$ cat target-v6.cif   # mmCIF, C-alpha atoms
data_start
loop_
_atom_site.label_atom_id
_atom_site.label_comp_id
_atom_site.auth_asym_id
_atom_site.auth_seq_id
_atom_site.Cartn_x
_atom_site.Cartn_y
_atom_site.Cartn_z
CA MET A 28 0.00 0.00 0.00
CA LYS A 29 1.26 3.40 -0.98
CA LEU A 30 0.90 6.17 1.44
CA SER A 31 0.95 9.61 -0.02
CA ARG A 32 2.51 12.27 2.03
CA LYS A 33 1.66 15.80 1.51
CA LYS A 34 4.75 17.91 1.22
CA LYS A 35 4.57 21.20 2.89
CA ARG A 36 6.02 23.93 0.74
CA ARG A 37 7.75 26.60 2.58
CA LYS A 38 7.71 30.04 1.19
CA VAL A 39 11.20 31.40 0.83
CA GLN A 40 11.54 35.10 1.03
CA VAL A 41 14.29 36.82 -0.90
CA PRO A 42 15.76 39.63 1.14
CA ILE A 43 15.51 42.73 -1.02
CA ALA A 44 16.14 45.31 1.63
CA SER A 45 19.79 45.72 0.58
CA MET A 46 19.09 45.84 -3.18
CA GLY A 47 18.97 49.62 -3.17
CA ASP A 48 22.35 49.84 -1.45
CA ILE A 49 23.88 47.40 -3.94
CA ALA A 50 22.45 49.34 -6.91
CA PHE A 51 23.91 52.60 -5.62
CA LEU A 52 27.29 50.95 -5.00
CA LEU A 53 27.29 49.67 -8.59
CA ILE A 54 26.44 53.14 -9.93
CA ILE A 55 29.27 54.68 -7.89
CA PHE A 56 31.66 51.93 -9.06
CA PHE A 57 30.94 52.57 -12.74
CA MET A 58 31.08 56.34 -12.29
CA LEU A 59 34.54 56.07 -10.77
CA LEU A 60 35.82 53.69 -13.43
CA SER A 61 34.41 55.48 -16.43
CA GLU A 62 35.81 58.57 -18.02
CA PHE A 63 33.87 61.61 -19.03
CA SER A 64 34.07 61.79 -22.80
CA LYS A 65 34.65 65.49 -23.26
CA ASP A 66 35.91 65.38 -26.80
CA LYS A 67 33.59 62.68 -28.14
CA ASP A 68 31.69 65.01 -30.45
CA LEU A 69 34.75 66.54 -32.12
CA PRO A 70 35.06 65.73 -35.82
CA ILE A 71 38.32 63.78 -35.78
CA ASP A 72 39.28 61.10 -38.29
CA LEU A 73 41.99 59.19 -36.41
CA PRO A 74 45.13 57.93 -38.21
CA ARG A 75 45.64 54.19 -38.71
CA SER A 76 48.58 51.97 -37.85
CA ASP A 77 49.28 48.30 -37.00
CA GLN A 78 51.39 49.42 -34.06
CA VAL A 79 48.62 50.86 -31.88
CA LYS A 80 47.89 49.07 -28.63
CA LYS A 81 45.11 49.37 -26.09
CA SER A 82 46.17 52.14 -23.77
CA GLU A 83 46.52 51.07 -20.16
CA VAL A 84 47.88 54.36 -18.82
CA VAL A 85 46.01 57.02 -16.93
CA VAL A 86 46.16 60.33 -18.74
CA VAL A 87 46.37 63.65 -16.91
CA ALA A 88 45.00 65.71 -19.78
CA ARG A 89 43.43 65.38 -23.22
CA VAL A 90 44.56 67.42 -26.17
CA ALA A 91 42.74 67.27 -29.49
CA ILE A 92 42.98 68.96 -32.87
CA ALA A 93 39.75 68.77 -34.84
CA ALA A 94 39.45 68.56 -38.61
CA ASP A 95 38.97 72.34 -38.82
CA GLY A 96 42.30 72.89 -37.00
CA GLY A 97 40.70 73.93 -33.70
CA ILE A 98 42.82 73.02 -30.67
CA TYR A 99 41.13 71.64 -27.57
CA PHE A 100 42.51 71.15 -24.07
CA ASP A 101 40.36 68.87 -21.90
CA GLY A 102 37.38 69.62 -24.13
CA ASP A 103 37.76 73.41 -24.09
CA ARG A 104 38.89 75.26 -27.20
CA VAL A 105 42.14 77.19 -26.80
CA ASP A 106 43.73 79.83 -29.02
CA SER A 107 47.19 78.41 -29.63
CA ALA A 108 49.70 75.67 -28.90
CA LYS A 109 51.24 77.93 -26.23
CA ASP A 110 48.05 77.53 -24.16
CA ILE A 111 48.55 73.76 -24.31
CA GLU A 112 52.12 74.09 -23.05
CA TRP A 113 51.03 76.26 -20.12
CA GLY A 114 48.11 73.96 -19.31
CA VAL A 115 50.25 70.81 -19.32
CA ARG A 116 53.03 72.55 -17.39
CA ALA A 117 50.55 73.69 -14.73
CA LEU A 118 49.08 70.20 -14.39
CA LEU A 119 52.49 68.54 -14.13
CA SER A 120 54.17 71.15 -11.91
CA LYS A 121 54.15 68.83 -8.88
CA THR A 122 54.50 65.55 -10.77
CA VAL A 123 57.67 63.53 -10.56
CA ALA A 124 56.63 60.02 -11.66
CA ASP A 125 56.61 59.24 -15.39
CA GLU A 126 53.33 57.31 -15.02
CA GLN A 127 51.56 60.56 -14.19
CA ARG A 128 52.85 62.52 -17.18
CA HIS A 129 50.82 60.93 -19.97
CA VAL A 130 48.82 63.33 -22.12
CA GLN A 131 46.34 61.94 -24.64
CA PHE A 132 46.70 63.43 -28.10
CA LYS A 133 44.03 63.09 -30.78
CA CYS A 134 44.49 64.68 -34.16
CA ASP A 135 42.70 64.49 -37.47
CA ALA A 136 44.68 62.35 -39.94
CA SER A 137 44.38 64.89 -42.76
CA LEU A 138 45.99 67.82 -40.95
CA SER A 139 49.39 69.10 -42.04
CA LYS A 140 52.60 69.42 -40.06
CA GLU A 141 52.12 73.15 -39.50
CA GLN A 142 48.93 72.41 -37.57
CA PHE A 143 49.91 69.43 -35.41
CA GLU A 144 53.65 69.74 -34.80
CA PRO A 145 53.50 72.93 -32.65
CA VAL A 146 50.97 71.14 -30.40
CA LEU A 147 53.12 67.99 -30.12
CA LYS A 148 56.09 70.17 -29.19
CA ALA A 149 53.98 72.12 -26.69
CA ILE A 150 53.00 68.90 -24.88
CA ALA A 151 56.64 67.81 -24.79
CA GLU A 152 57.81 71.26 -23.62
CA GLY A 153 55.18 71.16 -20.87
CA GLY A 154 56.69 67.89 -19.64
CA GLY A 155 54.07 65.51 -20.98
CA ILE A 156 54.54 62.07 -22.49
CA ILE A 157 52.42 61.85 -25.64
CA GLU A 158 49.78 59.13 -25.93
CA ALA A 159 48.90 59.54 -29.60
CA VAL A 160 45.52 57.95 -30.29
CA GLY A 161 44.98 55.98 -33.48
CA GLU A 162 43.01 53.10 -34.91
CA ASP A 163 43.95 49.62 -36.08
CA GLN A 164 44.74 49.40 -39.76
CA MET B 15 26.33 64.12 -19.06
CA ALA B 16 27.61 61.02 -20.79
CA THR B 17 30.21 58.74 -19.36
CA THR B 18 31.88 55.93 -21.23
CA LEU B 19 34.38 53.21 -20.49
CA VAL B 20 37.06 54.48 -22.82
CA LYS B 21 39.83 52.10 -23.84
CA VAL B 22 41.44 53.88 -26.74
CA LYS B 23 44.28 52.53 -28.82
CA SER B 24 47.41 54.61 -28.84
CA ILE B 25 51.18 54.80 -29.13
CA THR B 26 53.44 56.31 -26.50
CA ALA B 27 56.02 58.84 -27.61
CA ASP B 28 58.30 60.67 -25.21
CA LEU B 29 59.84 63.50 -27.18
CA PRO B 30 63.02 64.89 -25.63
CA THR B 31 63.07 68.68 -25.53
CA GLY B 32 65.53 71.53 -25.24
CA GLU B 33 68.57 69.73 -26.57
CA LYS B 34 70.28 70.67 -29.76
CA GLN B 35 72.74 68.17 -31.15
CA SER B 36 75.96 69.10 -32.82
CA ASP B 37 76.27 68.49 -36.57
CA ALA B 38 78.70 65.61 -35.90
CA ALA B 39 76.21 63.90 -33.60
CA VAL B 40 73.41 64.45 -36.09
CA ASP B 41 75.47 62.79 -38.84
CA LYS B 42 75.64 59.53 -36.85
CA THR B 43 71.98 59.47 -35.85
CA PRO B 44 69.57 57.54 -38.09
CA ILE B 45 67.08 59.85 -39.73
CA VAL B 46 63.57 59.29 -41.02
CA ASN B 47 62.42 61.83 -43.60
CA LEU B 48 58.78 62.31 -44.47
CA ARG B 49 58.26 64.07 -47.77
CA GLY B 50 54.55 64.24 -48.37
CA SER B 51 53.39 60.63 -48.30
CA LYS B 52 56.87 59.23 -49.06
CA ILE B 53 59.13 57.85 -46.33
CA PHE B 54 62.92 57.94 -46.51
CA PHE B 55 65.25 56.18 -44.10
CA SER B 56 68.86 57.33 -44.33
CA ASP B 57 68.01 58.94 -47.70
CA LYS B 58 66.54 55.76 -49.23
CA GLU B 59 62.83 55.53 -49.97
CA VAL B 60 61.14 52.81 -47.94
CA SER B 61 57.63 51.56 -47.28
CA ILE B 62 56.22 51.65 -43.75
CA ASP B 63 56.76 47.86 -43.42
CA ASN B 64 60.32 48.25 -44.66
CA LEU B 65 60.91 51.07 -42.16
CA ASN B 66 59.69 48.79 -39.38
CA ALA B 67 62.08 46.05 -40.49
CA ARG B 68 65.02 48.47 -40.74
CA LEU B 69 64.31 49.90 -37.28
CA ALA B 70 63.89 46.41 -35.79
CA ALA B 71 67.31 45.48 -37.20
CA LEU B 72 68.87 48.33 -35.22
CA LYS B 73 67.73 46.64 -31.96
CA LEU B 74 67.13 50.02 -30.37
CA SER B 75 65.68 48.67 -27.13
CA GLU B 76 69.03 47.01 -26.37
CA GLN B 77 70.99 50.23 -26.91
CA THR B 78 71.98 52.93 -24.43
CA PRO B 79 69.51 55.86 -24.24
CA ASP B 80 71.66 58.19 -26.37
CA LYS B 81 71.85 55.60 -29.16
CA ARG B 82 68.10 55.08 -29.24
CA VAL B 83 67.48 58.49 -30.77
CA ILE B 84 65.94 58.55 -34.24
CA MET B 85 65.61 61.91 -35.96
CA LEU B 86 62.25 62.62 -37.55
CA GLU B 87 62.18 65.26 -40.25
CA SER B 88 59.14 66.19 -42.27
CA THR B 89 58.07 68.64 -44.92
CA LYS B 90 55.28 71.17 -44.44
CA MET B 91 52.82 69.11 -46.45
CA THR B 92 53.29 65.89 -44.45
CA SER B 93 49.94 64.69 -43.16
CA TYR B 94 49.40 63.54 -39.60
CA GLU B 95 48.56 60.06 -40.94
CA SER B 96 52.12 59.60 -42.31
CA TYR B 97 53.67 61.28 -39.27
CA PHE B 98 51.71 59.01 -36.90
CA GLN B 99 52.80 55.87 -38.76
CA ALA B 100 56.47 56.90 -38.60
CA LEU B 101 56.12 57.87 -34.93
CA ALA B 102 54.49 54.50 -34.23
CA ALA B 103 57.25 52.60 -36.07
CA ILE B 104 60.00 54.38 -34.13
CA SER B 105 58.33 54.13 -30.73
CA SER B 106 57.29 50.49 -31.08
CA ASN B 107 60.88 49.54 -31.95
CA GLY B 108 62.21 51.18 -28.79
CA GLY B 109 63.39 54.40 -30.40
CA VAL B 110 63.27 57.90 -28.95
CA VAL B 111 61.94 60.43 -31.43
CA ALA B 112 63.82 63.67 -31.91
CA ILE B 113 61.97 66.18 -34.07
CA VAL B 114 64.21 68.02 -36.51
CA GLU B 115 63.44 71.72 -36.51
CA GLU B 116 64.05 73.97 -39.46
CA GLU B 117 66.31 76.81 -38.47
CA GLU B 118 64.72 80.21 -38.87
CA SER B 119 66.79 82.54 -40.98
#

$ encode --input "target-v6.cif" --output "structure tokens"
Amino acid sequence: MKLSRKKKRRKVQVPIASMGDIAFLLIIFFMLLSEFSKDKDLPIDLPRSDQVKKSEVVVVARVAIAADGGIYFDGDRVDSAKDIEWGVRALLSKTVADEQRHVQFKCDASLSKEQFEPVLKAIAEGGGIIEAVGEDQ
Amino acid sequence: MATTLVKVKSITADLPTGEKQSDAAVDKTPIVNLRGSKIFFSDKEVSIDNLNARLAALKLSEQTPDKRVIMLESTKMTSYESYFQALAAISSNGGVVAIVEEEES
């Protein structure tokens, strides 16, 4: 004879009280790890090379030259390469370690030497190590 | 405000500044010339792949810092694309780029 036993199902409650805290921690985590893309909207056609590698360094500043020749320092348009030199110099005035001297440089591939070389020199004169951004060929 | 996890691809180039080499020192230093879209290495026209091979043969990363210097000269009409490729070739082979400046008369 088979005896059937009724199984009692227990209701398991999922604790959701801490979900809000976890969500906020995740938001803070991603905010700290992500970078504000200040120069995302600039019209820049990046140069191509097989030698580019994923950049692992932390940059102290971002310099960009748009297709129209406009020079940008951390997203703000500046008048000349001299402003870049002063800006980089000011940022690096108390920096000793090489790891903290990297300056990201984005430039439109079609620009001529007269437009980009003064800016490259300005970064170097200001004490920065150039992280020239490009794309895979 | 938009945030993004940016992992850009780049090359690292530390350009030495404020030093002018003597003519004798310049004569011994390898030089890359960019004339428009053409690349010359020690006055011979080369392709970008050939430049890479020639620079790799110099084994720059095994040299002392003063022998790692590669001069980079370019004409006014050189585009950033060509300049970037030469800069990438020199830097990835362990070279230190020295920009050749035209003397103002």

$ resolve_selection --input "target-v6.cif" --expression "the PyMOL selection byres ((chain A) within 8 of (chain B))" --output "ChimeraX atom specification"
/A:58,60-64,74-76,78-83,134-141,143,148,151-152,155-163

$ atom_distance --input "target-v6.cif" --atom1 "CA of Arg82 in chain B" --atom2 "CA of Gly108 in chain B"
7.1 Å

$ atom_distance --input "target-v6.cif" --atom1 "CA of Leu72 in chain B" --atom2 "CA of Val60 in chain B"
15.5 Å

$ atom_distance --input "target-v6.cif" --atom1 "CA of Phe55 in chain B" --atom2 "CA of Ile92 in chain A"
28.0 Å

$ closest_residue --input "target-v6.cif" --among "A:Val130, A:Val87, A:Ala93, A:Leu69" --to "Gln142 in chain A" --atoms "all atoms listed in the file"
A:Ala93

$ resolve_selection --input "target-v6.cif" --expression "the PyMOL selection byres ((chain A and resi 113) around 12)" --output "PyMOL selection string"
chain A and resi 100+105+107-112+114-120+146+149-155

$ resolve_selection --input "target-v6.cif" --expression "the PyMOL selection byres ((chain A and resi 126) around 9)" --output "number ranges by chain"
A: 84-86, 123-125, 127-129, 156

$ axis_aligned_box --input "target-v6.cif" --around "range 104-120 of chain A" --padding-each-side "5 Å" --output "JSON"
{"center_x": 46.5, "center_y": 74.2, "center_z": -20.8, "size_x": 25.3, "size_y": 21.3, "size_z": 27.7}

$ closest_residue --input "target-v6.cif" --among "B:Ser56, B:Glu87, B:Leu69, B:Leu48" --to "Gly109 in chain B" --atoms "only C-alpha atoms"
B:Leu69

$ build_atoms --input "target-v6.cif" --residues "range 66-88 of chain B" --atoms "N, CA and C atoms" --output "CSV table (one decimal), in the coordinates of the input"
chain,number,residue,atom,x,y,z
B,66,ASN,N,59.8,49.6,-40.6
B,66,ASN,CA,59.7,48.8,-39.4
B,66,ASN,C,60.8,47.8,-39.3
B,67,ALA,N,61.0,47.1,-40.4
B,67,ALA,CA,62.1,46.0,-40.5
B,67,ALA,C,63.5,46.7,-40.3
B,68,ARG,N,63.7,47.8,-40.9
B,68,ARG,CA,65.0,48.5,-40.7
B,68,ARG,C,65.3,48.9,-39.3
B,69,LEU,N,64.2,49.4,-38.7
B,69,LEU,CA,64.3,49.9,-37.3
B,69,LEU,C,64.5,48.7,-36.3
B,70,ALA,N,63.8,47.6,-36.6
B,70,ALA,CA,63.9,46.4,-35.8
B,70,ALA,C,65.3,45.9,-35.9
B,71,ALA,N,65.9,46.0,-37.0
B,71,ALA,CA,67.3,45.5,-37.2
B,71,ALA,C,68.3,46.3,-36.4
B,72,LEU,N,68.0,47.5,-36.0
B,72,LEU,CA,68.9,48.3,-35.2
B,72,LEU,C,68.9,47.9,-33.7
B,73,LYS,N,67.9,47.1,-33.3
B,73,LYS,CA,67.7,46.6,-32.0
B,73,LYS,C,67.9,47.8,-31.0
B,74,LEU,N,67.0,48.8,-31.2
B,74,LEU,CA,67.1,50.0,-30.4
B,74,LEU,C,66.9,49.8,-28.9
B,75,SER,N,66.0,48.9,-28.6
B,75,SER,CA,65.7,48.7,-27.1
B,75,SER,C,66.9,48.1,-26.3
B,76,GLU,N,67.8,47.6,-27.1
B,76,GLU,CA,69.0,47.0,-26.4
B,76,GLU,C,70.1,48.1,-26.3
B,77,GLN,N,70.0,49.2,-26.9
B,77,GLN,CA,71.0,50.2,-26.9
B,77,GLN,C,70.9,51.1,-25.7
B,78,THR,N,72.0,51.9,-25.5
B,78,THR,CA,72.0,52.9,-24.4
B,78,THR,C,71.1,54.1,-24.9
B,79,PRO,N,70.5,54.8,-23.9
B,79,PRO,CA,69.5,55.9,-24.2
B,79,PRO,C,70.0,56.8,-25.3
B,80,ASP,N,71.2,57.2,-25.4
B,80,ASP,CA,71.7,58.2,-26.4
B,80,ASP,C,71.7,57.6,-27.8
B,81,LYS,N,71.8,56.3,-27.8
B,81,LYS,CA,71.8,55.6,-29.2
B,81,LYS,C,70.5,55.1,-29.6
B,82,ARG,N,69.5,55.4,-28.8
B,82,ARG,CA,68.1,55.1,-29.2
B,82,ARG,C,67.4,56.2,-30.1
B,83,VAL,N,68.1,57.3,-30.1
B,83,VAL,CA,67.5,58.5,-30.8
B,83,VAL,C,67.4,58.3,-32.3
B,84,ILE,N,66.2,58.6,-32.8
B,84,ILE,CA,65.9,58.6,-34.2
B,84,ILE,C,65.4,59.9,-34.6
B,85,MET,N,66.1,60.6,-35.5
B,85,MET,CA,65.6,61.9,-36.0
B,85,MET,C,64.4,61.8,-36.9
B,86,LEU,N,63.4,62.6,-36.7
B,86,LEU,CA,62.2,62.6,-37.6
B,86,LEU,C,62.1,64.0,-38.2
B,87,GLU,N,62.3,64.0,-39.5
B,87,GLU,CA,62.2,65.3,-40.2
B,87,GLU,C,61.0,65.2,-41.2
B,88,SER,N,60.3,66.2,-41.4
B,88,SER,CA,59.1,66.2,-42.3
B,88,SER,C,59.0,67.5,-43.0
